[in-house]
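Data first, discussion second: the structure below is written as structure tokens.
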Amino acid sequence: MEFRRKDLLGIADLEPEEIQVILDTAASFKEISTRPIKKVPTLRGKTVVTMFYEPSTRTRMSFEIAAKRLSADTLNLTVSASSAVKGETLADTAHNLEAMAPDVLIIRHAASGAPHYLAQRLKCGVINAGDGLHEHPTQALLDLLTVKEAKGTLSGLKVAIIGDIAHSRVARSDIHAFTKMGSQVTVAGPATMLPPYLETLGATVTTSLLEAVRGADVIMMLRLQLERMGQMFLSTLREYSQFFGLAPKHLQLAKDDVIIMHPGPLNRGVEISPEVADGPHSLILEQVTNGVAVRMAVLYFLIGGEKG
């Protein structure tokens, strides 16, 4: 199966075969980043526009690097210096950009569904780089690639996702992604950070970090998104770290070859100890490396690959 969609809006509506072809293509693109000249002409003449209405380091930079390594022209909209601050609507901003004939628009927005709203109204492709509390599909894809490289398979693994599940679009995309590819997902966090619908997504739910990491092949730690929550969600950071911060002692409960992941940015000493984040089980920097390859693959399929 090829990936023949106009947009990449989420993992929930993708077939496992579509996910697999993206992962296979991303794996083949990794070699480009090891060359002395890190560039191929695959997307020469194509234009990629990024619109980030929320802060980002890894996602924004890796999309830009991915586009440039495929020889696409890139345009980054700085929202704070755009007409958005003058009251221009999201739709009007996007239509004005589309009038300049870009091939794909990459958007991160605080409103869940913003990429879907644009995809229905624009002729160019739209990539969701994170929308509100909904999804972050390319993060899930790079997480899958990182695990596949480390474990050799995605089937039959126990994946523990721990932390602020309620405010994490990464958690939602990862639950969809890993369950579609045959893994068993357990999510853990304080009861106030566990939405009631998680089991309908195929995840096992617990309020015990110890239960989640026991026998785990993969442990994914999530950042406390304090900017999205009020005081009602937790008492103190110290208490949260005591019960849901990953420390070296917890790794003894997991598989001997467990891998530790985190979408970043890290709150060291809160959700994860420095010893674990920088330890031999950590693949956090490998996730960043794979993010470039995955986003190269997504751009290739949306604006460079053959369409049926």
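Labeling convention for the structure tokens: chains A, B, ... as they appear, residues from 1 per chain, ligands from 1 in order of appearance.
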Test item, alpha helix (DSSP H) assignment across range 2-157 of chain A, answer as number ranges by chain: A: 16-29, 58-69, 90-98, 114-119, 137-151
Ile11 in chain A environment, 9 Å, only C-alpha atoms, sequence neighbours closer than 4 positions dropped, as a list of chain:residue names: A:Glu15, A:Ile19, A:Glu135, A:His136, A:Pro137, A:Thr138, A:Ala140, A:Leu141, A:Arg172, A:Ser173, A:Asp174, A:His176, A:Ala177
Could you write out the selected residues, including N, CA and C atoms, as a PDB file, in the first residue's frame?
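Result file is out-v6.pdb:
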ATOM      1  N   GLU A  15      -4.454   3.544   8.196  1.00  0.00           N
ATOM      2  CA  GLU A  15      -4.380   2.093   8.234  1.00  0.00           C
ATOM      3  C   GLU A  15      -2.963   1.669   8.635  1.00  0.00           C
ATOM      4  N   ILE A  19       0.855   3.406   7.774  1.00  0.00           N
ATOM      5  CA  ILE A  19       1.887   3.727   8.767  1.00  0.00           C
ATOM      6  C   ILE A  19       3.189   3.023   8.411  1.00  0.00           C
ATOM      7  N   GLU A 135      -4.170  15.636  18.542  1.00  0.00           N
ATOM      8  CA  GLU A 135      -3.173  14.698  18.033  1.00  0.00           C
ATOM      9  C   GLU A 135      -1.863  15.395  17.664  1.00  0.00           C
ATOM     10  N   HIS A 136      -0.829  14.580  17.532  1.00  0.00           N
ATOM     11  CA  HIS A 136       0.485  15.011  17.051  1.00  0.00           C
ATOM     12  C   HIS A 136       1.033  13.849  16.220  1.00  0.00           C
ATOM     13  N   PRO A 137       0.534  13.670  14.997  1.00  0.00           N
ATOM     14  CA  PRO A 137       0.810  12.437  14.253  1.00  0.00           C
ATOM     15  C   PRO A 137       2.268  12.178  13.918  1.00  0.00           C
ATOM     16  N   THR A 138       3.038  13.202  13.552  1.00  0.00           N
ATOM     17  CA  THR A 138       4.426  12.919  13.186  1.00  0.00           C
ATOM     18  C   THR A 138       5.255  12.526  14.401  1.00  0.00           C
ATOM     19  N   ALA A 140       4.108  10.614  16.832  1.00  0.00           N
ATOM     20  CA  ALA A 140       3.814   9.187  16.992  1.00  0.00           C
ATOM     21  C   ALA A 140       4.576   8.355  15.968  1.00  0.00           C
ATOM     22  N   LEU A 141       4.673   8.846  14.744  1.00  0.00           N
ATOM     23  CA  LEU A 141       5.393   8.101  13.705  1.00  0.00           C
ATOM     24  C   LEU A 141       6.875   7.978  14.032  1.00  0.00           C
ATOM     25  N   ARG A 172      -2.313  10.642  22.876  1.00  0.00           N
ATOM     26  CA  ARG A 172      -3.411  10.168  22.040  1.00  0.00           C
ATOM     27  C   ARG A 172      -2.889   9.561  20.739  1.00  0.00           C
ATOM     28  N   SER A 173      -1.971  10.259  20.093  1.00  0.00           N
ATOM     29  CA  SER A 173      -1.437   9.728  18.840  1.00  0.00           C
ATOM     30  C   SER A 173      -0.650   8.450  19.071  1.00  0.00           C
ATOM     31  N   ASP A 174       0.103   8.391  20.165  1.00  0.00           N
ATOM     32  CA  ASP A 174       0.886   7.186  20.452  1.00  0.00           C
ATOM     33  C   ASP A 174      -0.008   5.994  20.782  1.00  0.00           C
ATOM     34  N   HIS A 176      -3.025   5.429  19.607  1.00  0.00           N
ATOM     35  CA  HIS A 176      -3.520   4.975  18.305  1.00  0.00           C
ATOM     36  C   HIS A 176      -2.429   4.219  17.547  1.00  0.00           C
ATOM     37  N   ALA A 177      -1.233   4.806  17.514  1.00  0.00           N
ATOM     38  CA  ALA A 177      -0.159   4.257  16.682  1.00  0.00           C
ATOM     39  C   ALA A 177       0.303   2.898  17.166  1.00  0.00           C
TER      40      ALA A 177
END
Between CA of Glu2 in chain A and CA of His109 in chain A, distance in Å (one decimal): 28.3 Å
All residues 9 Å or closer to Gly113 in chain A, only C-alpha atoms, same chain fewer than 2 positions away omitted, as a ChimeraX atom specification: /A:9,109,111,115-118,131-132,134
Keeping C-alpha atoms for every residue in the selection just given, could you write it to a file as an mmCIF file, in the first residue's frame?
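result-v3.cif was written with the following content:
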data_model
loop_
_atom_site.group_PDB
_atom_site.id
_atom_site.type_symbol
_atom_site.label_atom_id
_atom_site.label_comp_id
_atom_site.auth_asym_id
_atom_site.auth_seq_id
_atom_site.Cartn_x
_atom_site.Cartn_y
_atom_site.Cartn_z
ATOM 1 C CA LEU A 9 -4.133 15.154 10.117
ATOM 2 C CA HIS A 109 -2.429 25.433 16.776
ATOM 3 C CA ALA A 111 -7.400 24.759 18.898
ATOM 4 C CA PRO A 115 -5.642 21.520 10.772
ATOM 5 C CA HIS A 116 -8.833 19.672 9.782
ATOM 6 C CA TYR A 117 -10.632 23.009 9.370
ATOM 7 C CA LEU A 118 -7.936 24.209 6.977
ATOM 8 C CA ASP A 131 -3.538 20.627 17.466
ATOM 9 C CA GLY A 132 -4.734 21.479 20.948
ATOM 10 C CA HIS A 134 -6.097 16.245 19.948
#
DSSP-assigned strand (DSSP E) members of range 60-246 of chain A, reported as a count of residues only: 36
Long-range neighbours of range 202-215 of chain A as number ranges by chain, 6 Å cut-off, only C-alpha atoms, 6 positions minimum in chain: A: 160, 185-190, 244, 253-255
C-alpha atoms of the current selection, written as a PDB file, in the first residue's frame:
ATOM      1  CA  ALA A 160       3.873   2.256  29.128  1.00  0.00           C
ATOM      2  CA  VAL A 185      -0.423   0.115  25.682  1.00  0.00           C
ATOM      3  CA  THR A 186      -0.769   0.927  29.376  1.00  0.00           C
ATOM      4  CA  VAL A 187      -1.248   4.532  30.465  1.00  0.00           C
ATOM      5  CA  ALA A 188      -0.580   5.778  33.991  1.00  0.00           C
ATOM      6  CA  GLY A 189      -0.917   9.064  35.787  1.00  0.00           C
ATOM      7  CA  PRO A 190      -2.781  10.815  38.586  1.00  0.00           C
ATOM      8  CA  PHE A 244       5.044   9.602  38.859  1.00  0.00           C
ATOM      9  CA  LEU A 253      10.656  -3.640  37.285  1.00  0.00           C
ATOM     10  CA  ALA A 254      10.794  -3.347  33.494  1.00  0.00           C
ATOM     11  CA  LYS A 255      12.401  -5.635  30.925  1.00  0.00           C
TER      12      LYS A 255
END
Distance criterion (only C-alpha atoms): nearest to Arg60 in chain A out of A:Ser282, A:Asn76, A:Thr25, A:Thr289: A:Asn76
Test item: residues at most 8 Å from Ile272 in chain A, only C-alpha atoms, excluding those fewer than 3 positions along its chain, as a list of chain:residue names: A:Met221, A:Ser241, A:Gly245, A:Leu246, A:Ala247, A:Leu266, A:Asn267, A:Arg268, A:Gly269, A:Val276, A:Ala277
Selection near Asn290 in chain A, 8 Å with only C-alpha atoms, sequence-local residues under 6 positions removed, as a ChimeraX atom specification: /A:26,30,142,145-146
For Lys249 in chain A, the nearest of the candidates A:Leu43, A:Ala27, A:Arg223, A:Glu275, counting only C-alpha atoms: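 Distance minimum relative to Lys249 in chain A lands on A:Glu275.
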Which residue of A:Val170, A:Val104, A:Leu133, A:Ile260 approaches Val147 in chain A most closely, using only C-alpha atoms: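 Of A:Val170, A:Val104, A:Leu133, A:Ile260, the one nearest Val147 in chain A is A:Ile260, counting only C-alpha atoms.
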Residue with smallest distance to Lys151 in chain A - pool A:Leu198, A:Leu122, A:Val258, A:Val298, counting only C-alpha atoms: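 Looking only at the distances to Lys151 in chain A, the closest residue turns out to be A:Val258.
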